[in-house]
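Down below is the structure, laid out as structure tokens.
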Amino acid sequence: MPRIPGANRLMSRTPFRAASAQKLQGRADYAILKTSYETRKLDHRAPFPLPRLAWTEPMSQTFVLLTVAAYLASMTLYLRFLYNGQEKTGRFATLLLFVGLGAHYVALLLRARGIHTVPYHDLQGSMSLFGWLLAVTYLCLEIYHRQRTVGAFVVPIILAFFFAAYLMPDHPNAATPAKGVVFALHVTLSILSYSAFALSCVLSLIYLAEERVLRTRRVSDIVWRLPPLDLLERMSHTSVLVGLITIAVGTLLGFVAVDRQTGQYWFYDPKYVVTLLVLLLYVIYFQLARSTAWRGARASRLCVFNFVLVVLSFTVVNLYFSQHHRFL
């Protein structure tokens, strides 16, 4: 134990002073022992709890499970509707898709509040938002064209993106350099355009598969319940038109948002070059699909090729070439 300076001299003079010195030394020893005990007690105390992931919060977890249950039930009923063609089954499938859409929105909102940022801040949020916007786009297309059989092919994709976003581990990301309402609209409209192009790709693939089956003349009841080829073309055109409008407005808002935040434009970002190329190719598709020479299977193949470029833009270009569009 450390000794009080001067204690030995006090002890060597008088018995009274020696007793006082011993008392002081004892108090000092007690204080040191108490401090050491408190230190060991703090060392053995449980560490501070780490912040819980937004998806694992109880309220968020409830809506995640509700979303999965609604999407699964809707997918099952859409497949059953494709098999038996009962209108009541199709209506319940659409109703459950609306329920899943609402629960998915609340799950996105709670996750954004849990991580104190926007849903598209990371890859998980972007994928989940893409699935939600794909569901919105499909429901609008279903209501507009009054065709439900396509839901059996679209809802599994929505569910797959939601599962992928939910099961993917969280990774911390750098803060987004541009913020604000304009930037939020830029991101939302861009992801909406991707969902519309994805829907047009699904419709084009259905068109190519149905046309091939019809040529073989081995038609089953399920094929007869699919939309006619001309209706699939119109639905694809509508979806591409939505994608063209949203990607054009979203890209323009991106320039405005960057100019407001940094005072400069990212003209040389590879993402802009690829986005303009995608915009040009879909404009070409939209024009050629109405011509006699390209109408039908050739236009559908071009639509599928264009979406492959969109996928490359969303993955390879974002992750390896663009510095400002990590998950957009």
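The way I read the labels, and the way they are meant: chains A, B, ... in the order of the structure tokens, residue 1 as the first residue of every chain, and ligand 1 as the first ligand shown, with later ones counted on from there.
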Contact residues around range 187-202 of chain A with only C-alpha atoms at 9 Å, ignoring same-chain residues under 3 positions, as a PyMOL selection string: chain A and resi 120+126+129-135+137-138+150+153-154+182-184+205-207+235-251+253-254+300-301+303-307+310-311+314+328
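Around Val213 in chain A, within 12 Å and counting only C-alpha atoms, the residues found are Ile206, Tyr207, Leu208, Arg218, Val219, Ser220, Ile222, Val223, Trp224, Leu226 and Leu229 of chain A, once anything fewer than 5 positions away on its own chain is removed.
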Produce a file of the selected residues containing C-alpha atoms, as an mmCIF file, in the first residue's frame.
data_model
loop_
_atom_site.group_PDB
_atom_site.id
_atom_site.type_symbol
_atom_site.label_atom_id
_atom_site.label_comp_id
_atom_site.auth_asym_id
_atom_site.auth_seq_id
_atom_site.Cartn_x
_atom_site.Cartn_y
_atom_site.Cartn_z
ATOM 1 C CA ILE A 206 -44.587 -13.754 -70.843
ATOM 2 C CA TYR A 207 -45.250 -12.570 -74.403
ATOM 3 C CA LEU A 208 -42.319 -14.563 -75.802
ATOM 4 C CA ARG A 218 -50.145 -27.407 -77.527
ATOM 5 C CA VAL A 219 -52.328 -25.024 -75.591
ATOM 6 C CA SER A 220 -53.492 -25.787 -72.065
ATOM 7 C CA ILE A 222 -53.539 -22.011 -68.194
ATOM 8 C CA VAL A 223 -52.263 -20.556 -71.479
ATOM 9 C CA TRP A 224 -55.782 -19.556 -72.457
ATOM 10 C CA LEU A 226 -53.015 -15.590 -69.866
ATOM 11 C CA LEU A 229 -50.631 -11.100 -77.027
#
Distance in Å - CA of Tyr282 in chain A versus CA of His104 in chain A: 29.6 Å
Members of range 64-300 of chain A assigned helix (DSSP H, G or I) by DSSP, as a PyMOL selection string: chain A and resi 64-84+87-115+119-121+123-145+151-167+181-216+221-225+229-262+270-288+297-300
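Among the candidates A:Arg146, A:Arg111, A:Arg234, A:Arg215, the residue lying nearest to Tyr166 in chain A is A:Arg111 (atoms considered: only C-alpha atoms).
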